[in-house]
Amino acid sequence: MSQHDAGSKAGASGFRPSADELAEHNRQAAATVATPGVAAPPSRQVAILTCMDARIDPLAALGLTVGEAHVIRNAGGVLTDDAIRSLCISQQALGTREILVIHHSGCGMCGLDESAFSDDLHDRLGVRPDWPIGAFDDPADDVRSAISQLQASPFIEHDTAVRGFIYDVGTGLLNEVPPAG
Ligand code: ZN
């Protein structure tokens, strides 16, 4: 089966890929989402690290518009090496000077059993991850840890303003994580 076939037919599970429909949506939306006059450097000089959770719309939640901020997302909004890579490039190439680390309620990475995940992955795919899974038990503790790591990282400008928050997916409200102490 070719890649194209795999992408256009329903699988045994009944799953149907959305790519064709999404590409059509794009043709309809292109004129309204185009940003011909917007510069690449985020105008608020802010970068946001948050989770990929489908319930979170970071721009809407923070009242941001396109062009104002970088948004770096991964499973959990975890400060991985790749998140540091993106934040470093955000600062050095595109001038951001403020970082918001935002975890959220109901995150799948909170309380995830890493050894069970690894065993399950081995059963399904025959491999174990050679990367840190990044699960955490307490979102606030993980945010505080990320802030400490950012403040200590040689790749992050020392005068960066770093703040941490937990976003409640039920209320839409952001609650600041107080510093450790
Ligand atoms: Zn999450």
# chains A, B, ... in the order shown; residues from 1 in each chain; ligands from 1

call {"tool": "residues_near_ligand", "arguments": {"ligand": "ligand 1", "cutoff": "9 Å", "atoms": "only C-alpha atoms and all ligand atoms", "output": "short mmCIF file (atom, residue, chain, number, x, y, z; two decimals) with all heavy atoms, in the first residue's frame"}}
result
data_model
loop_
_atom_site.label_atom_id
_atom_site.label_comp_id
_atom_site.auth_asym_id
_atom_site.auth_seq_id
_atom_site.Cartn_x
_atom_site.Cartn_y
_atom_site.Cartn_z
N THR A 50 3.44 25.32 26.15
CA THR A 50 2.25 24.68 26.71
C THR A 50 2.00 23.33 26.07
O THR A 50 2.73 22.88 25.20
CB THR A 50 1.01 25.62 26.59
OG1 THR A 50 -0.04 25.13 27.42
CG2 THR A 50 0.53 25.72 25.15
N CYS A 51 0.94 22.68 26.57
CA CYS A 51 0.62 21.32 26.14
C CYS A 51 -0.07 21.33 24.77
O CYS A 51 -0.71 22.30 24.39
CB CYS A 51 -0.28 20.66 27.17
SG CYS A 51 -0.64 18.91 26.85
N MET A 52 0.04 20.18 24.09
CA MET A 52 -0.63 20.02 22.79
C MET A 52 -2.12 19.70 22.94
O MET A 52 -2.82 19.56 21.94
CB MET A 52 0.04 18.90 22.01
CG MET A 52 -0.13 17.52 22.62
SD MET A 52 0.88 16.32 21.71
CE MET A 52 0.35 14.79 22.50
N ASP A 53 -2.60 19.60 24.17
CA ASP A 53 -4.00 19.22 24.42
C ASP A 53 -4.96 19.95 23.48
O ASP A 53 -4.91 21.18 23.37
CB ASP A 53 -4.35 19.51 25.89
CG ASP A 53 -5.66 18.85 26.30
OD1 ASP A 53 -6.73 19.27 25.78
OD2 ASP A 53 -5.61 17.91 27.10
N ALA A 54 -5.84 19.17 22.84
CA ALA A 54 -6.72 19.73 21.81
C ALA A 54 -7.77 20.70 22.37
O ALA A 54 -8.41 21.42 21.61
CB ALA A 54 -7.44 18.59 21.07
N ILE A 56 -7.10 23.20 24.33
CA ILE A 56 -6.50 24.50 24.65
C ILE A 56 -6.25 25.30 23.37
O ILE A 56 -5.60 24.81 22.44
CB ILE A 56 -5.16 24.30 25.39
CG1 ILE A 56 -5.37 23.50 26.67
CG2 ILE A 56 -4.52 25.66 25.70
CD1 ILE A 56 -4.07 23.08 27.35
N ASN A 74 4.02 20.70 23.17
CA ASN A 74 4.34 19.27 23.14
C ASN A 74 3.44 18.57 24.15
O ASN A 74 2.63 19.22 24.82
CB ASN A 74 5.84 19.04 23.39
CG ASN A 74 6.31 19.51 24.77
OD1 ASN A 74 5.55 19.48 25.73
ND2 ASN A 74 7.56 19.94 24.86
N ALA A 75 3.60 17.26 24.27
CA ALA A 75 2.78 16.52 25.23
C ALA A 75 3.16 16.96 26.64
O ALA A 75 4.27 16.71 27.10
CB ALA A 75 3.00 15.02 25.05
N GLY A 76 2.26 17.65 27.29
CA GLY A 76 2.49 18.10 28.65
C GLY A 76 2.98 19.53 28.78
O GLY A 76 2.98 20.08 29.87
N GLY A 77 3.44 20.12 27.70
CA GLY A 77 4.09 21.45 27.82
C GLY A 77 5.37 21.33 28.63
O GLY A 77 5.73 22.23 29.39
N HIS A 103 0.92 24.73 32.14
CA HIS A 103 0.37 23.38 32.22
C HIS A 103 -1.15 23.52 32.39
O HIS A 103 -1.66 24.64 32.46
CB HIS A 103 0.97 22.63 33.40
CG HIS A 103 2.37 22.12 33.13
ND1 HIS A 103 3.16 22.54 32.09
CD2 HIS A 103 3.13 21.20 33.80
CE1 HIS A 103 4.32 21.91 32.12
NE2 HIS A 103 4.34 21.08 33.16
N HIS A 104 -1.85 22.39 32.46
CA HIS A 104 -3.31 22.52 32.55
C HIS A 104 -3.94 21.38 33.33
O HIS A 104 -3.33 20.33 33.54
CB HIS A 104 -3.90 22.55 31.13
CG HIS A 104 -3.75 21.25 30.39
ND1 HIS A 104 -4.75 20.32 30.30
CD2 HIS A 104 -2.70 20.74 29.71
CE1 HIS A 104 -4.32 19.29 29.58
NE2 HIS A 104 -3.08 19.50 29.21
N SER A 105 -5.18 21.61 33.74
CA SER A 105 -5.94 20.57 34.45
C SER A 105 -6.24 19.43 33.48
O SER A 105 -6.38 19.63 32.27
CB SER A 105 -7.24 21.16 34.98
OG SER A 105 -8.05 21.61 33.90
N GLY A 106 -6.32 18.24 34.01
CA GLY A 106 -6.70 17.09 33.19
C GLY A 106 -5.67 16.68 32.17
O GLY A 106 -6.01 16.07 31.14
N CYS A 107 -4.40 16.98 32.42
CA CYS A 107 -3.36 16.66 31.43
C CYS A 107 -3.04 15.17 31.45
O CYS A 107 -2.85 14.58 32.51
CB CYS A 107 -2.09 17.46 31.70
SG CYS A 107 -0.83 17.24 30.41
N GLY A 108 -2.94 14.58 30.28
CA GLY A 108 -2.62 13.15 30.17
C GLY A 108 -1.23 12.80 30.66
O GLY A 108 -0.95 11.63 30.96
N MET A 109 -0.34 13.78 30.73
CA MET A 109 1.02 13.51 31.20
C MET A 109 1.11 13.53 32.71
O MET A 109 2.13 13.15 33.28
CB MET A 109 2.00 14.54 30.62
CG MET A 109 2.14 14.48 29.11
SD MET A 109 2.58 12.85 28.49
CE MET A 109 4.25 12.72 29.10
N CYS A 110 0.03 13.98 33.37
CA CYS A 110 0.02 14.04 34.83
C CYS A 110 -0.39 12.67 35.36
O CYS A 110 -1.50 12.21 35.09
CB CYS A 110 -0.94 15.12 35.30
SG CYS A 110 -0.95 15.31 37.09
#

call {"tool": "residues_around", "arguments": {"residues": "Gln151 of chain A", "least_positions_apart": "6", "cutoff": "10 Å", "atoms": "only C-alpha atoms", "output": "PyMOL selection string"}}
result
chain A and resi 145+157-162

call {"tool": "write_last_selection", "arguments": {"atoms": "all heavy atoms", "output": "PDB file, in the first residue's frame"}}
result
ATOM      1  N   SER A 145       9.677  23.485  38.341  1.00  0.00           N
ATOM      2  CA  SER A 145      10.929  22.871  37.893  1.00  0.00           C
ATOM      3  C   SER A 145      11.362  23.449  36.538  1.00  0.00           C
ATOM      4  O   SER A 145      12.537  23.758  36.317  1.00  0.00           O
ATOM      5  CB  SER A 145      10.736  21.355  37.792  1.00  0.00           C
ATOM      6  OG  SER A 145      11.816  20.764  37.129  1.00  0.00           O
ATOM      7  N   GLU A 157      18.406  33.743  27.788  1.00  0.00           N
ATOM      8  CA  GLU A 157      18.915  35.046  28.244  1.00  0.00           C
ATOM      9  C   GLU A 157      18.654  35.206  29.740  1.00  0.00           C
ATOM     10  O   GLU A 157      17.555  34.938  30.227  1.00  0.00           O
ATOM     11  CB  GLU A 157      18.234  36.180  27.467  1.00  0.00           C
ATOM     12  CG  GLU A 157      18.596  36.235  25.984  1.00  0.00           C
ATOM     13  CD  GLU A 157      19.981  36.838  25.733  1.00  0.00           C
ATOM     14  OE1 GLU A 157      20.574  37.382  26.686  1.00  0.00           O
ATOM     15  OE2 GLU A 157      20.458  36.744  24.584  1.00  0.00           O
ATOM     16  N   HIS A 158      19.661  35.665  30.485  1.00  0.00           N
ATOM     17  CA  HIS A 158      19.556  35.678  31.938  1.00  0.00           C
ATOM     18  C   HIS A 158      18.504  36.652  32.462  1.00  0.00           C
ATOM     19  O   HIS A 158      17.998  36.492  33.567  1.00  0.00           O
ATOM     20  CB  HIS A 158      20.917  35.985  32.564  1.00  0.00           C
ATOM     21  CG  HIS A 158      21.377  37.396  32.354  1.00  0.00           C
ATOM     22  ND1 HIS A 158      22.026  37.800  31.208  1.00  0.00           N
ATOM     23  CD2 HIS A 158      21.245  38.491  33.125  1.00  0.00           C
ATOM     24  CE1 HIS A 158      22.278  39.099  31.295  1.00  0.00           C
ATOM     25  NE2 HIS A 158      21.816  39.548  32.437  1.00  0.00           N
ATOM     26  N   ASP A 159      18.164  37.673  31.664  1.00  0.00           N
ATOM     27  CA  ASP A 159      17.172  38.645  32.135  1.00  0.00           C
ATOM     28  C   ASP A 159      15.749  38.341  31.629  1.00  0.00           C
ATOM     29  O   ASP A 159      14.861  39.189  31.686  1.00  0.00           O
ATOM     30  CB  ASP A 159      17.583  40.056  31.713  1.00  0.00           C
ATOM     31  CG  ASP A 159      17.700  40.194  30.203  1.00  0.00           C
ATOM     32  OD1 ASP A 159      17.680  39.164  29.499  1.00  0.00           O
ATOM     33  OD2 ASP A 159      17.810  41.340  29.724  1.00  0.00           O
ATOM     34  N   THR A 160      15.541  37.095  31.183  1.00  0.00           N
ATOM     35  CA  THR A 160      14.218  36.711  30.689  1.00  0.00           C
ATOM     36  C   THR A 160      13.183  36.712  31.821  1.00  0.00           C
ATOM     37  O   THR A 160      13.449  36.200  32.904  1.00  0.00           O
ATOM     38  CB  THR A 160      14.281  35.283  30.091  1.00  0.00           C
ATOM     39  OG1 THR A 160      15.234  35.260  29.033  1.00  0.00           O
ATOM     40  CG2 THR A 160      12.926  34.846  29.550  1.00  0.00           C
ATOM     41  N   ALA A 161      12.033  37.293  31.551  1.00  0.00           N
ATOM     42  CA  ALA A 161      10.923  37.230  32.513  1.00  0.00           C
ATOM     43  C   ALA A 161      10.224  35.881  32.321  1.00  0.00           C
ATOM     44  O   ALA A 161       9.730  35.591  31.236  1.00  0.00           O
ATOM     45  CB  ALA A 161       9.952  38.368  32.253  1.00  0.00           C
ATOM     46  N   VAL A 162      10.244  35.039  33.359  1.00  0.00           N
ATOM     47  CA  VAL A 162       9.645  33.706  33.265  1.00  0.00           C
ATOM     48  C   VAL A 162       8.545  33.560  34.306  1.00  0.00           C
ATOM     49  O   VAL A 162       8.782  33.796  35.490  1.00  0.00           O
ATOM     50  CB  VAL A 162      10.692  32.582  33.491  1.00  0.00           C
ATOM     51  CG1 VAL A 162      10.068  31.215  33.204  1.00  0.00           C
ATOM     52  CG2 VAL A 162      11.926  32.781  32.624  1.00  0.00           C
TER      53      VAL A 162
END

call {"tool": "select_by_dssp", "arguments": {"residues": "segment 21-130 of chain A", "states": "helix (DSSP H, G or I)", "output": "ChimeraX atom specification"}}
result
/A:21-33,58-62,81-94,114-125

call {"tool": "write_last_selection", "arguments": {"atoms": "C-alpha atoms", "output": "PDB file, in the first residue's frame"}}
result
ATOM      1  CA  GLU A  21     -11.161  17.874   4.038  1.00  0.00           C
ATOM      2  CA  LEU A  22      -8.701  20.054   5.957  1.00  0.00           C
ATOM      3  CA  ALA A  23      -6.922  21.052   2.763  1.00  0.00           C
ATOM      4  CA  GLU A  24     -10.302  22.110   1.341  1.00  0.00           C
ATOM      5  CA  HIS A  25     -10.990  24.122   4.514  1.00  0.00           C
ATOM      6  CA  ASN A  26      -7.690  25.849   3.922  1.00  0.00           C
ATOM      7  CA  ARG A  27      -8.638  26.874   0.400  1.00  0.00           C
ATOM      8  CA  GLN A  28     -11.787  28.460   1.816  1.00  0.00           C
ATOM      9  CA  ALA A  29     -10.008  30.151   4.745  1.00  0.00           C
ATOM     10  CA  ALA A  30      -6.771  31.226   3.065  1.00  0.00           C
ATOM     11  CA  ALA A  31      -7.796  34.831   2.443  1.00  0.00           C
ATOM     12  CA  THR A  32      -8.792  35.372   6.066  1.00  0.00           C
ATOM     13  CA  VAL A  33      -5.770  33.676   7.674  1.00  0.00           C
ATOM     14  CA  PRO A  58      -3.538  29.467  23.597  1.00  0.00           C
ATOM     15  CA  LEU A  59      -4.119  32.575  21.498  1.00  0.00           C
ATOM     16  CA  ALA A  60      -7.799  32.794  22.409  1.00  0.00           C
ATOM     17  CA  ALA A  61      -7.178  31.949  26.076  1.00  0.00           C
ATOM     18  CA  LEU A  62      -4.632  34.742  26.423  1.00  0.00           C
ATOM     19  CA  ASP A  81      15.661  19.691  25.081  1.00  0.00           C
ATOM     20  CA  ASP A  82      13.659  20.471  21.967  1.00  0.00           C
ATOM     21  CA  ALA A  83      11.571  23.041  23.832  1.00  0.00           C
ATOM     22  CA  ILE A  84      14.821  24.707  24.930  1.00  0.00           C
ATOM     23  CA  ARG A  85      15.995  24.594  21.313  1.00  0.00           C
ATOM     24  CA  SER A  86      12.862  26.416  20.173  1.00  0.00           C
ATOM     25  CA  LEU A  87      12.980  28.935  23.031  1.00  0.00           C
ATOM     26  CA  CYS A  88      16.651  29.672  22.328  1.00  0.00           C
ATOM     27  CA  ILE A  89      15.919  30.263  18.646  1.00  0.00           C
ATOM     28  CA  SER A  90      12.859  32.333  19.620  1.00  0.00           C
ATOM     29  CA  GLN A  91      15.098  34.595  21.709  1.00  0.00           C
ATOM     30  CA  GLN A  92      18.233  34.740  19.584  1.00  0.00           C
ATOM     31  CA  ALA A  93      16.701  34.899  16.110  1.00  0.00           C
ATOM     32  CA  LEU A  94      13.336  36.513  16.791  1.00  0.00           C
ATOM     33  CA  GLU A 114       6.118   5.721  32.485  1.00  0.00           C
ATOM     34  CA  SER A 115       7.097   2.064  32.870  1.00  0.00           C
ATOM     35  CA  ALA A 116       3.598   0.908  31.895  1.00  0.00           C
ATOM     36  CA  PHE A 117       3.700   3.257  28.887  1.00  0.00           C
ATOM     37  CA  SER A 118       7.088   1.858  27.908  1.00  0.00           C
ATOM     38  CA  ASP A 119       5.868  -1.749  28.290  1.00  0.00           C
ATOM     39  CA  ASP A 120       2.755  -0.967  26.262  1.00  0.00           C
ATOM     40  CA  LEU A 121       4.795   0.655  23.530  1.00  0.00           C
ATOM     41  CA  HIS A 122       7.058  -2.397  23.434  1.00  0.00           C
ATOM     42  CA  ASP A 123       4.029  -4.674  23.084  1.00  0.00           C
ATOM     43  CA  ARG A 124       2.518  -2.602  20.271  1.00  0.00           C
ATOM     44  CA  LEU A 125       5.540  -1.450  18.304  1.00  0.00           C
TER      45      LEU A 125
END

call {"tool": "atom_distance", "arguments": {"atom1": "atom CA of Pro139 of chain A", "atom2": "atom CA of Val177 of chain A"}}
result
9.3 Å

call {"tool": "atom_distance", "arguments": {"atom1": "atom CA of Val101 of chain A", "atom2": "atom CA of Gly164 of chain A"}}
result
4.7 Å

call {"tool": "closest_residue", "arguments": {"among": "A:Asp141, A:Glu68, A:Glu98, A:Asp130", "to": "Gly181 of chain A", "atoms": "only C-alpha atoms"}}
result
A:Asp141

call {"tool": "closest_residue", "arguments": {"among": "A:Leu174, A:Ala152, A:Arg97, A:Thr80", "to": "Pro132 of chain A", "atoms": "only C-alpha atoms"}}
result
A:Thr80

call {"tool": "closest_residue", "arguments": {"among": "A:Val143, A:Thr35, A:Ala19, A:Thr65", "to": "Leu49 of chain A", "atoms": "only C-alpha atoms"}}
result
A:Val143

call {"tool": "atom_distance", "arguments": {"atom1": "atom CA of Gly126 of chain A", "atom2": "atom CA of Gly14 of chain A"}}
result
24.1 Å

call {"tool": "closest_residue", "arguments": {"among": "A:Gly172, A:Val78, A:Gly63, A:Gly95", "to": "Ala39 of chain A", "atoms": "only C-alpha atoms"}}
result
A:Gly95
